[in-house]
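Containing compact mmCIF, C-alpha atoms and all ligand atoms: start03.txt.
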```
# COMPACT_ATOMS: atom_id res chain seq x y z
CA MET A 1 -38.12 59.85 4.36
CA THR A 2 -39.12 56.31 3.40
CA SER A 3 -38.10 54.96 0.02
CA GLN A 4 -41.77 55.00 -0.95
CA GLU A 5 -41.99 58.72 -0.18
CA GLN A 6 -38.76 59.32 -2.00
CA ASN A 7 -40.21 57.69 -5.07
CA GLN A 8 -43.49 59.55 -4.95
CA PHE A 9 -43.75 61.25 -8.31
CA ARG A 10 -46.12 63.82 -9.76
CA LEU A 11 -46.08 65.81 -12.94
CA PHE A 12 -48.46 68.70 -13.38
CA ALA A 13 -48.99 71.42 -15.94
CA LEU A 14 -49.48 74.92 -14.56
CA GLY A 15 -50.24 76.16 -18.05
CA GLY A 16 -49.84 75.24 -21.67
CA LEU A 17 -51.68 71.91 -21.64
CA GLY A 18 -54.40 71.91 -24.30
CA GLU A 19 -53.84 75.60 -24.99
CA ILE A 20 -51.32 77.71 -26.88
CA GLY A 21 -49.02 79.69 -24.61
CA MET A 22 -48.05 80.10 -20.94
CA ASN A 23 -46.13 76.86 -20.89
CA MET A 24 -45.12 75.81 -17.42
CA THR A 25 -44.67 72.32 -16.01
CA ALA A 26 -43.84 71.08 -12.52
CA VAL A 27 -42.10 67.77 -11.87
CA GLU A 28 -42.32 66.65 -8.27
CA CYS A 29 -40.40 63.83 -6.65
CA GLY A 30 -39.70 63.12 -2.98
CA GLY A 31 -41.34 66.42 -2.04
CA LYS A 32 -39.05 68.51 -4.26
CA ILE A 33 -40.25 70.37 -7.31
CA LEU A 34 -38.47 71.10 -10.55
CA LEU A 35 -40.09 73.79 -12.69
CA ILE A 36 -39.80 73.80 -16.46
CA ASP A 37 -40.48 77.02 -18.39
CA CYS A 38 -42.57 79.97 -17.29
CA GLY A 39 -44.23 81.49 -20.32
CA LEU A 40 -47.05 83.85 -21.03
CA MET A 41 -50.02 83.82 -23.35
CA PHE A 42 -51.20 86.73 -25.42
CA PRO A 43 -54.89 87.40 -24.76
CA GLU A 44 -57.58 86.15 -27.11
CA ALA A 45 -60.02 88.61 -28.71
CA TYR A 46 -62.65 87.87 -26.04
CA MET A 47 -60.31 88.86 -23.17
CA LEU A 48 -61.07 92.54 -23.49
CA GLY A 49 -58.71 94.84 -21.57
CA VAL A 50 -56.32 92.01 -20.67
CA ASP A 51 -52.68 92.61 -21.59
CA LEU A 52 -51.05 89.31 -20.65
CA VAL A 53 -52.17 85.90 -19.40
CA LEU A 54 -49.91 84.13 -16.87
CA PRO A 55 -49.73 80.50 -15.69
CA ASP A 56 -51.71 79.66 -12.55
CA ILE A 57 -49.13 79.02 -9.84
CA SER A 58 -51.59 78.75 -6.94
CA ALA A 59 -50.68 75.05 -6.55
CA LEU A 60 -47.18 76.19 -5.51
CA GLU A 61 -48.31 78.89 -3.10
CA HIS A 62 -47.08 77.27 0.11
CA ARG A 63 -44.42 75.18 -1.56
CA THR A 64 -41.85 77.68 -2.76
CA ASP A 65 -39.25 76.26 -0.33
CA ASP A 66 -39.52 72.93 -2.14
CA ILE A 67 -38.65 74.37 -5.54
CA ALA A 68 -35.26 73.04 -6.65
CA GLY A 69 -34.93 75.35 -9.65
CA LEU A 70 -36.47 76.64 -12.85
CA PHE A 71 -35.20 75.15 -16.11
CA LEU A 72 -35.89 76.83 -19.45
CA THR A 73 -36.12 74.92 -22.72
CA HIS A 74 -35.85 77.88 -25.13
CA GLY A 75 -36.29 81.62 -25.46
CA HIS A 76 -39.79 81.98 -26.92
CA GLU A 77 -42.20 84.32 -25.09
CA ASP A 78 -44.59 81.48 -24.34
CA HIS A 79 -41.76 79.78 -22.39
CA ILE A 80 -39.95 82.64 -20.61
CA GLY A 81 -42.30 85.64 -20.81
CA ALA A 82 -43.94 85.25 -17.39
CA ILE A 83 -40.70 85.10 -15.40
CA PRO A 84 -40.52 88.84 -14.54
CA PHE A 85 -44.08 88.65 -13.15
CA LEU A 86 -43.86 85.34 -11.27
CA TRP A 87 -40.24 84.91 -10.21
CA GLU A 88 -40.68 86.51 -6.77
CA LYS A 89 -43.98 84.72 -6.16
CA LEU A 90 -42.14 81.46 -6.84
CA GLY A 91 -39.69 82.23 -4.05
CA CYS A 92 -36.95 83.60 -6.36
CA PRO A 93 -35.69 80.26 -7.75
CA GLN A 94 -32.35 79.89 -9.55
CA ILE A 95 -32.80 79.77 -13.31
CA TYR A 96 -31.06 77.40 -15.75
CA GLY A 97 -30.96 77.69 -19.53
CA THR A 98 -28.75 77.82 -22.60
CA ALA A 99 -26.81 80.95 -23.58
CA LEU A 100 -29.31 82.45 -26.04
CA THR A 101 -32.29 81.70 -23.80
CA LEU A 102 -30.60 83.43 -20.86
CA GLY A 103 -29.59 86.34 -23.10
CA LEU A 104 -33.21 86.93 -24.08
CA LEU A 105 -34.28 86.54 -20.47
CA HIS A 106 -31.71 89.09 -19.27
CA ASN A 107 -33.18 91.77 -21.55
CA LYS A 108 -36.55 91.12 -19.98
CA LEU A 109 -35.17 91.19 -16.43
CA LYS A 110 -33.45 94.50 -17.17
CA GLU A 111 -36.77 96.03 -18.23
CA HIS A 112 -38.23 95.01 -14.87
CA ASN A 113 -35.18 96.02 -12.81
CA LEU A 114 -34.66 92.42 -11.75
CA GLU A 115 -31.36 91.75 -13.50
CA GLU A 116 -29.21 92.19 -10.39
CA ARG A 117 -31.36 89.91 -8.29
CA VAL A 118 -31.96 86.85 -10.42
CA SER A 119 -29.21 84.24 -10.51
CA THR A 120 -28.96 82.37 -13.77
CA HIS A 121 -26.81 79.40 -14.77
CA CYS A 122 -25.79 78.68 -18.33
CA VAL A 123 -26.17 75.01 -19.26
CA LYS A 124 -24.78 73.05 -22.18
CA PRO A 125 -26.34 70.10 -23.99
CA ARG A 126 -25.22 66.73 -22.62
CA GLN A 127 -23.86 68.26 -19.43
CA PRO A 128 -26.10 67.10 -16.57
CA VAL A 129 -26.99 69.48 -13.75
CA LYS A 130 -27.74 68.13 -10.28
CA LEU A 131 -30.66 69.92 -8.62
CA ASP A 132 -31.63 68.32 -5.35
CA MET A 133 -32.98 64.88 -6.24
CA PHE A 134 -33.19 65.67 -9.93
CA GLU A 135 -30.39 65.21 -12.41
CA VAL A 136 -31.25 67.22 -15.48
CA GLU A 137 -29.46 66.53 -18.73
CA PRO A 138 -30.25 68.96 -21.56
CA PHE A 139 -30.23 67.67 -25.14
CA ARG A 140 -30.45 69.57 -28.41
CA VAL A 141 -33.72 69.81 -30.32
CA ALA A 142 -34.49 71.53 -33.63
CA HIS A 143 -36.96 74.41 -33.33
CA SER A 144 -37.72 77.79 -34.94
CA ILE A 145 -35.38 79.46 -32.45
CA VAL A 146 -31.78 78.35 -31.90
CA ASP A 147 -30.31 76.99 -28.67
CA GLY A 148 -33.48 75.05 -27.82
CA ILE A 149 -33.20 71.98 -25.61
CA GLY A 150 -35.22 69.10 -24.31
CA LEU A 151 -34.57 67.68 -20.84
CA ALA A 152 -33.78 64.19 -19.66
CA ILE A 153 -34.68 64.29 -15.96
CA ARG A 154 -33.42 61.47 -13.76
CA THR A 155 -35.36 61.04 -10.52
CA PRO A 156 -35.47 58.28 -7.87
CA ALA A 157 -38.79 57.27 -9.48
CA GLY A 158 -37.38 56.97 -12.99
CA LEU A 159 -36.42 58.92 -16.07
CA VAL A 160 -38.67 61.67 -17.44
CA ILE A 161 -38.21 63.18 -20.88
CA HIS A 162 -39.47 66.70 -21.48
CA THR A 163 -39.08 67.43 -25.18
CA GLY A 164 -39.55 71.18 -25.04
CA ASP A 165 -40.82 72.50 -28.39
CA PHE A 166 -39.31 70.79 -31.39
CA LYS A 167 -39.87 70.23 -35.05
CA ILE A 168 -38.67 67.46 -37.31
CA ASP A 169 -36.27 69.28 -39.59
CA GLN A 170 -35.63 67.45 -42.91
CA THR A 171 -32.87 69.87 -43.87
CA PRO A 172 -31.11 71.09 -40.72
CA VAL A 173 -28.42 73.68 -41.48
CA ASP A 174 -26.13 72.30 -38.82
ZN ZN B 201 -41.23 77.56 -29.00
```

Take the structure in the file and give it back as structure tokens.
Ligand SMILES: [Zn+2]
Amino acid sequence: MTSQEQNQFRLFALGGLGEIGMNMTAVECGGKILLIDCGLMFPEAYMLGVDLVLPDISALEHRTDDIAGLFLTHGHEDHIGAIPFLWEKLGCPQIYGTALTLGLLHNKLKEHNLEERVSTHCVKPRQPVKLDMFEVEPFRVAHSIVDGIGLAIRTPAGLVIHTGDFKIDQTPVD
């Protein structure tokens, strides 16, 4: 791989851009893909008969071997809710998240009889995780659910910050 190819960088939203729900982002560098979140959207009134709306992962259809991992920012439905439905279609990637996020995910996986099959890794803020050509360092953010993180992602092309969901909290309890 030439250094130019190694530095080739793309970031694309598979859901959640300009809409509420089904948040899912792909960061691609040097042919490897890091996935961030995999949420669902609850249907709008006009979507009669639809139970759940999932991110469109067709862009990854022939690329599941390139997926370095799936990182979760927090445990809200619109960030983790689609995992039981899409995890196998994504080539069964390893999943990374904080303790509460993984706890909420495990309940979901149990419901779908996937608990035994999915490997999850508990991450801690400020402790970087090396995933292929990405080095992902979680950092704390304030949000309406605890144990939420943003991600500092170091790639050969540069540093990417994914904030996750956050709010500016004037009176944080911690
Ligand atoms: Zn949220």

Next on the checklist: Given all atoms listed in the file as the basis, pick out the residue of A:Ala157, A:Leu72, A:Leu11, A:Val136 nearest to ligand ZN 201 (chain B).
Outcome noted: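 Answer, going by the shortest atom-to-atom distance: A:Leu72.
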
Interface rows for chain A against ligand ZN 201 (chain B): nearest pair, Å to one decimal, 12 Å, all atoms listed in the file, as JSON lines:
```
{"residue": "A:Gly16", "atom": "CA", "partner": "B:ZN201", "partner_atom": "ZN", "distance": 11.5}
{"residue": "A:Ile20", "atom": "CA", "partner": "B:ZN201", "partner_atom": "ZN", "distance": 10.3}
{"residue": "A:Gly21", "atom": "CA", "partner": "B:ZN201", "partner_atom": "ZN", "distance": 9.2}
{"residue": "A:Met22", "atom": "CA", "partner": "B:ZN201", "partner_atom": "ZN", "distance": 10.9}
{"residue": "A:Asn23", "atom": "CA", "partner": "B:ZN201", "partner_atom": "ZN", "distance": 9.5}
{"residue": "A:Asp37", "atom": "CA", "partner": "B:ZN201", "partner_atom": "ZN", "distance": 10.7}
{"residue": "A:Gly39", "atom": "CA", "partner": "B:ZN201", "partner_atom": "ZN", "distance": 10.0}
{"residue": "A:Leu40", "atom": "CA", "partner": "B:ZN201", "partner_atom": "ZN", "distance": 11.7}
{"residue": "A:Leu72", "atom": "CA", "partner": "B:ZN201", "partner_atom": "ZN", "distance": 11.0}
{"residue": "A:Thr73", "atom": "CA", "partner": "B:ZN201", "partner_atom": "ZN", "distance": 8.5}
{"residue": "A:His74", "atom": "CA", "partner": "B:ZN201", "partner_atom": "ZN", "distance": 6.6}
{"residue": "A:Gly75", "atom": "CA", "partner": "B:ZN201", "partner_atom": "ZN", "distance": 7.3}
{"residue": "A:His76", "atom": "CA", "partner": "B:ZN201", "partner_atom": "ZN", "distance": 5.1}
{"residue": "A:Glu77", "atom": "CA", "partner": "B:ZN201", "partner_atom": "ZN", "distance": 7.9}
{"residue": "A:Asp78", "atom": "CA", "partner": "B:ZN201", "partner_atom": "ZN", "distance": 7.0}
{"residue": "A:His79", "atom": "CA", "partner": "B:ZN201", "partner_atom": "ZN", "distance": 7.0}
{"residue": "A:Ile80", "atom": "CA", "partner": "B:ZN201", "partner_atom": "ZN", "distance": 9.9}
{"residue": "A:Gly81", "atom": "CA", "partner": "B:ZN201", "partner_atom": "ZN", "distance": 11.6}
{"residue": "A:Thr101", "atom": "CA", "partner": "B:ZN201", "partner_atom": "ZN", "distance": 11.1}
{"residue": "A:Val141", "atom": "CA", "partner": "B:ZN201", "partner_atom": "ZN", "distance": 10.9}
{"residue": "A:Ala142", "atom": "CA", "partner": "B:ZN201", "partner_atom": "ZN", "distance": 10.2}
{"residue": "A:His143", "atom": "CA", "partner": "B:ZN201", "partner_atom": "ZN", "distance": 6.8}
{"residue": "A:Ser144", "atom": "CA", "partner": "B:ZN201", "partner_atom": "ZN", "distance": 6.9}
{"residue": "A:Ile145", "atom": "CA", "partner": "B:ZN201", "partner_atom": "ZN", "distance": 7.1}
{"residue": "A:Val146", "atom": "CA", "partner": "B:ZN201", "partner_atom": "ZN", "distance": 9.9}
{"residue": "A:Asp147", "atom": "CA", "partner": "B:ZN201", "partner_atom": "ZN", "distance": 10.9}
{"residue": "A:Gly148", "atom": "CA", "partner": "B:ZN201", "partner_atom": "ZN", "distance": 8.2}
{"residue": "A:Ile149", "atom": "CA", "partner": "B:ZN201", "partner_atom": "ZN", "distance": 10.3}
{"residue": "A:Gly150", "atom": "CA", "partner": "B:ZN201", "partner_atom": "ZN", "distance": 11.4}
{"residue": "A:Thr163", "atom": "CA", "partner": "B:ZN201", "partner_atom": "ZN", "distance": 11.0}
{"residue": "A:Gly164", "atom": "CA", "partner": "B:ZN201", "partner_atom": "ZN", "distance": 7.7}
{"residue": "A:Asp165", "atom": "CA", "partner": "B:ZN201", "partner_atom": "ZN", "distance": 5.1}
{"residue": "A:Phe166", "atom": "CA", "partner": "B:ZN201", "partner_atom": "ZN", "distance": 7.4}
{"residue": "A:Lys167", "atom": "CA", "partner": "B:ZN201", "partner_atom": "ZN", "distance": 9.6}
```

Could you save the residues just selected, with C-alpha atoms, as a PDB file, in the frame of the given file?
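Written out: part.pdb:
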```pdb
ATOM      1  CA  GLY A  16     -49.840  75.240 -21.670  1.00  0.00           C
ATOM      2  CA  ILE A  20     -51.320  77.710 -26.880  1.00  0.00           C
ATOM      3  CA  GLY A  21     -49.020  79.690 -24.610  1.00  0.00           C
ATOM      4  CA  MET A  22     -48.050  80.100 -20.940  1.00  0.00           C
ATOM      5  CA  ASN A  23     -46.130  76.860 -20.890  1.00  0.00           C
ATOM      6  CA  ASP A  37     -40.480  77.020 -18.390  1.00  0.00           C
ATOM      7  CA  GLY A  39     -44.230  81.490 -20.320  1.00  0.00           C
ATOM      8  CA  LEU A  40     -47.050  83.850 -21.030  1.00  0.00           C
ATOM      9  CA  LEU A  72     -35.890  76.830 -19.450  1.00  0.00           C
ATOM     10  CA  THR A  73     -36.120  74.920 -22.720  1.00  0.00           C
ATOM     11  CA  HIS A  74     -35.850  77.880 -25.130  1.00  0.00           C
ATOM     12  CA  GLY A  75     -36.290  81.620 -25.460  1.00  0.00           C
ATOM     13  CA  HIS A  76     -39.790  81.980 -26.920  1.00  0.00           C
ATOM     14  CA  GLU A  77     -42.200  84.320 -25.090  1.00  0.00           C
ATOM     15  CA  ASP A  78     -44.590  81.480 -24.340  1.00  0.00           C
ATOM     16  CA  HIS A  79     -41.760  79.780 -22.390  1.00  0.00           C
ATOM     17  CA  ILE A  80     -39.950  82.640 -20.610  1.00  0.00           C
ATOM     18  CA  GLY A  81     -42.300  85.640 -20.810  1.00  0.00           C
ATOM     19  CA  THR A 101     -32.290  81.700 -23.800  1.00  0.00           C
ATOM     20  CA  VAL A 141     -33.720  69.810 -30.320  1.00  0.00           C
ATOM     21  CA  ALA A 142     -34.490  71.530 -33.630  1.00  0.00           C
ATOM     22  CA  HIS A 143     -36.960  74.410 -33.330  1.00  0.00           C
ATOM     23  CA  SER A 144     -37.720  77.790 -34.940  1.00  0.00           C
ATOM     24  CA  ILE A 145     -35.380  79.460 -32.450  1.00  0.00           C
ATOM     25  CA  VAL A 146     -31.780  78.350 -31.900  1.00  0.00           C
ATOM     26  CA  ASP A 147     -30.310  76.990 -28.670  1.00  0.00           C
ATOM     27  CA  GLY A 148     -33.480  75.050 -27.820  1.00  0.00           C
ATOM     28  CA  ILE A 149     -33.200  71.980 -25.610  1.00  0.00           C
ATOM     29  CA  GLY A 150     -35.220  69.100 -24.310  1.00  0.00           C
ATOM     30  CA  THR A 163     -39.080  67.430 -25.180  1.00  0.00           C
ATOM     31  CA  GLY A 164     -39.550  71.180 -25.040  1.00  0.00           C
ATOM     32  CA  ASP A 165     -40.820  72.500 -28.390  1.00  0.00           C
ATOM     33  CA  PHE A 166     -39.310  70.790 -31.390  1.00  0.00           C
ATOM     34  CA  LYS A 167     -39.870  70.230 -35.050  1.00  0.00           C
TER      35      LYS A 167
END
```

Checklist entry - Of the candidates A:Phe85, A:Leu151, A:Arg126, A:Phe12, which one gets nearest to Leu52 of chain A if we count all atoms listed in the file? => result A:Phe85

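The interatomic distance for the pair atom CA of Leu114 of chain A and atom CA of Thr98 of chain A works out to 19.1 Å.
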
Checklist entry - When you draw a straight line from atom CA of Gln170 of chain A to atom CA of Pro138 of chain A, how long is it in Å? => result 22.1 Å

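The spacing separating atom CA of His121 of chain A from atom CA of Leu102 of chain A amounts to 8.2 Å.
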
Item to check | Using all atoms listed in the file: which of A:Cys92, A:Leu104, A:Ile67, A:Leu54 has the shortest distance to Val27 of chain A | outcome: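 Of all the options, A:Ile67 lies closest to Val27 of chain A.
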
Need the axis-aligned box for segment 3-13 of chain A with 3 Å each side, so what are the centre and edges in Å to one decimal, as AutoDock Vina command-line options?
```
--center_x -43.5 --center_y 63.2 --center_z -8.0 --size_x 16.9 --size_y 22.5 --size_z 22.0
```

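Polymer residues near (-45.9, 65.9, -10.2): counting only C-alpha atoms with a cut-off of 9 Å, they are Gln8, Phe9, Arg10, Leu11, Phe12, Ala13, Thr25, Ala26, Val27, Glu28, Cys29 and Ile33 of chain A.
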
Item to check | Sel. within 7 Å of pt (-30.6, 83.9, -12.5), counting only C-alpha atoms, output as a PyMOL selection string | outcome: chain A and resi 94-95+118-121

Dump C-alpha atoms for the selected residues as a PDB file, in the frame of the given file?
```pdb
ATOM      1  CA  GLN A  94     -32.350  79.890  -9.550  1.00  0.00           C
ATOM      2  CA  ILE A  95     -32.800  79.770 -13.310  1.00  0.00           C
ATOM      3  CA  VAL A 118     -31.960  86.850 -10.420  1.00  0.00           C
ATOM      4  CA  SER A 119     -29.210  84.240 -10.510  1.00  0.00           C
ATOM      5  CA  THR A 120     -28.960  82.370 -13.770  1.00  0.00           C
ATOM      6  CA  HIS A 121     -26.810  79.400 -14.770  1.00  0.00           C
TER       7      HIS A 121
END
```

Can you pull segment 91-131 of chain A out of that block with N, CA and C atoms and hand it back as a CSV table (one decimal), in the first residue's frame?
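The resulting out.csv:
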```csv
chain,number,residue,atom,x,y,z
A,91,GLY,N,-20.9,-8.7,9.4
A,91,GLY,CA,-19.8,-9.7,9.5
A,91,GLY,C,-19.4,-9.9,10.9
A,92,CYS,N,-20.3,-9.7,11.8
A,92,CYS,CA,-20.1,-10.1,13.3
A,92,CYS,C,-18.9,-9.3,13.9
A,93,PRO,N,-18.8,-8.0,13.8
A,93,PRO,CA,-17.6,-7.3,14.3
A,93,PRO,C,-17.6,-7.3,15.8
A,94,GLN,N,-16.4,-7.1,16.4
A,94,GLN,CA,-16.2,-7.0,17.8
A,94,GLN,C,-16.7,-5.6,18.2
A,95,ILE,N,-17.3,-5.6,19.4
A,95,ILE,CA,-18.0,-4.4,19.9
A,95,ILE,C,-17.3,-3.8,21.1
A,96,TYR,N,-17.1,-2.5,21.1
A,96,TYR,CA,-16.4,-1.8,22.2
A,96,TYR,C,-17.3,-0.7,22.8
A,97,GLY,N,-17.3,-0.6,24.1
A,97,GLY,CA,-18.1,0.4,24.7
A,97,GLY,C,-17.8,0.4,26.2
A,98,THR,N,-18.4,1.4,26.9
A,98,THR,CA,-18.2,1.5,28.3
A,98,THR,C,-19.1,0.5,29.0
A,99,ALA,N,-18.9,0.4,30.4
A,99,ALA,CA,-19.6,-0.7,31.1
A,99,ALA,C,-21.1,-0.6,31.0
A,100,LEU,N,-21.7,0.6,31.2
A,100,LEU,CA,-23.2,0.7,31.2
A,100,LEU,C,-23.7,0.4,29.8
A,101,THR,N,-23.0,1.0,28.8
A,101,THR,CA,-23.5,0.8,27.4
A,101,THR,C,-23.5,-0.7,27.1
A,102,LEU,N,-22.4,-1.4,27.5
A,102,LEU,CA,-22.4,-2.8,27.2
A,102,LEU,C,-23.4,-3.6,28.0
A,103,GLY,N,-23.7,-3.2,29.2
A,103,GLY,CA,-24.7,-3.8,30.0
A,103,GLY,C,-26.1,-3.7,29.4
A,104,LEU,N,-26.4,-2.5,28.9
A,104,LEU,CA,-27.7,-2.4,28.2
A,104,LEU,C,-27.7,-3.2,26.9
A,105,LEU,N,-26.6,-3.2,26.2
A,105,LEU,CA,-26.5,-4.0,25.0
A,105,LEU,C,-26.7,-5.5,25.3
A,106,HIS,N,-26.1,-6.0,26.4
A,106,HIS,CA,-26.2,-7.4,26.7
A,106,HIS,C,-27.7,-7.9,26.9
A,107,ASN,N,-28.5,-7.0,27.5
A,107,ASN,CA,-29.9,-7.3,27.7
A,107,ASN,C,-30.6,-7.5,26.3
A,108,LYS,N,-30.2,-6.7,25.4
A,108,LYS,CA,-30.8,-6.7,24.1
A,108,LYS,C,-30.3,-8.0,23.4
A,109,LEU,N,-29.0,-8.3,23.5
A,109,LEU,CA,-28.5,-9.5,22.8
A,109,LEU,C,-29.1,-10.8,23.4
A,110,LYS,N,-29.4,-10.8,24.7
A,110,LYS,CA,-30.0,-11.9,25.3
A,110,LYS,C,-31.4,-12.2,24.7
A,111,GLU,N,-32.2,-11.1,24.5
A,111,GLU,CA,-33.5,-11.2,23.9
A,111,GLU,C,-33.5,-11.8,22.6
A,112,HIS,N,-32.4,-11.6,21.8
A,112,HIS,CA,-32.2,-12.1,20.5
A,112,HIS,C,-31.4,-13.4,20.4
A,113,ASN,N,-31.1,-14.0,21.6
A,113,ASN,CA,-30.2,-15.2,21.6
A,113,ASN,C,-28.9,-15.0,20.9
A,114,LEU,N,-28.3,-13.8,21.1
A,114,LEU,CA,-27.0,-13.5,20.5
A,114,LEU,C,-25.9,-13.4,21.5
A,115,GLU,N,-26.3,-13.4,22.8
A,115,GLU,CA,-25.4,-13.1,23.8
A,115,GLU,C,-24.1,-13.9,23.8
A,116,GLU,N,-24.2,-15.2,23.5
A,116,GLU,CA,-23.0,-16.1,23.5
A,116,GLU,C,-22.1,-15.8,22.4
A,117,ARG,N,-22.6,-15.2,21.3
A,117,ARG,CA,-21.9,-15.1,20.1
A,117,ARG,C,-21.1,-13.8,19.9
A,118,VAL,N,-21.7,-12.7,20.5
A,118,VAL,CA,-21.1,-11.4,20.3
A,118,VAL,C,-19.9,-11.2,21.3
A,119,SER,N,-18.7,-10.8,20.8
A,119,SER,CA,-17.7,-10.5,21.7
A,119,SER,C,-17.6,-9.0,22.0
A,120,THR,N,-17.7,-8.6,23.2
A,120,THR,CA,-17.7,-7.2,23.6
A,120,THR,C,-16.4,-6.9,24.4
A,121,HIS,N,-16.0,-5.6,24.4
A,121,HIS,CA,-14.8,-5.2,25.1
A,121,HIS,C,-15.1,-3.9,25.8
A,122,CYS,N,-14.9,-4.0,27.1
A,122,CYS,CA,-15.2,-2.8,28.0
A,122,CYS,C,-14.1,-1.8,27.9
A,123,VAL,N,-14.4,-0.5,27.5
A,123,VAL,CA,-13.3,0.5,27.4
A,123,VAL,C,-13.5,1.5,28.5
A,124,LYS,N,-12.4,2.2,28.8
A,124,LYS,CA,-12.4,3.2,29.9
A,124,LYS,C,-12.0,4.5,29.2
A,125,PRO,N,-12.6,5.7,29.7
A,125,PRO,CA,-12.1,7.0,29.2
A,125,PRO,C,-10.6,7.1,29.4
A,126,ARG,N,-10.0,7.7,28.4
A,126,ARG,CA,-8.6,8.0,28.3
A,126,ARG,C,-7.7,6.8,28.2
A,127,GLN,N,-8.3,5.7,27.9
A,127,GLN,CA,-7.4,4.5,27.6
A,127,GLN,C,-7.6,4.1,26.2
A,128,PRO,N,-6.6,4.5,25.3
A,128,PRO,CA,-6.8,4.2,23.9
A,128,PRO,C,-6.8,2.7,23.5
A,129,VAL,N,-7.6,2.5,22.5
A,129,VAL,CA,-7.7,1.1,22.0
A,129,VAL,C,-7.2,1.1,20.6
A,130,LYS,N,-6.3,0.1,20.3
A,130,LYS,CA,-5.7,0.1,18.9
A,130,LYS,C,-6.6,-0.9,18.1
A,131,LEU,N,-7.2,-0.4,17.0
A,131,LEU,CA,-8.0,-1.2,16.1
A,131,LEU,C,-7.5,-1.1,14.7
```
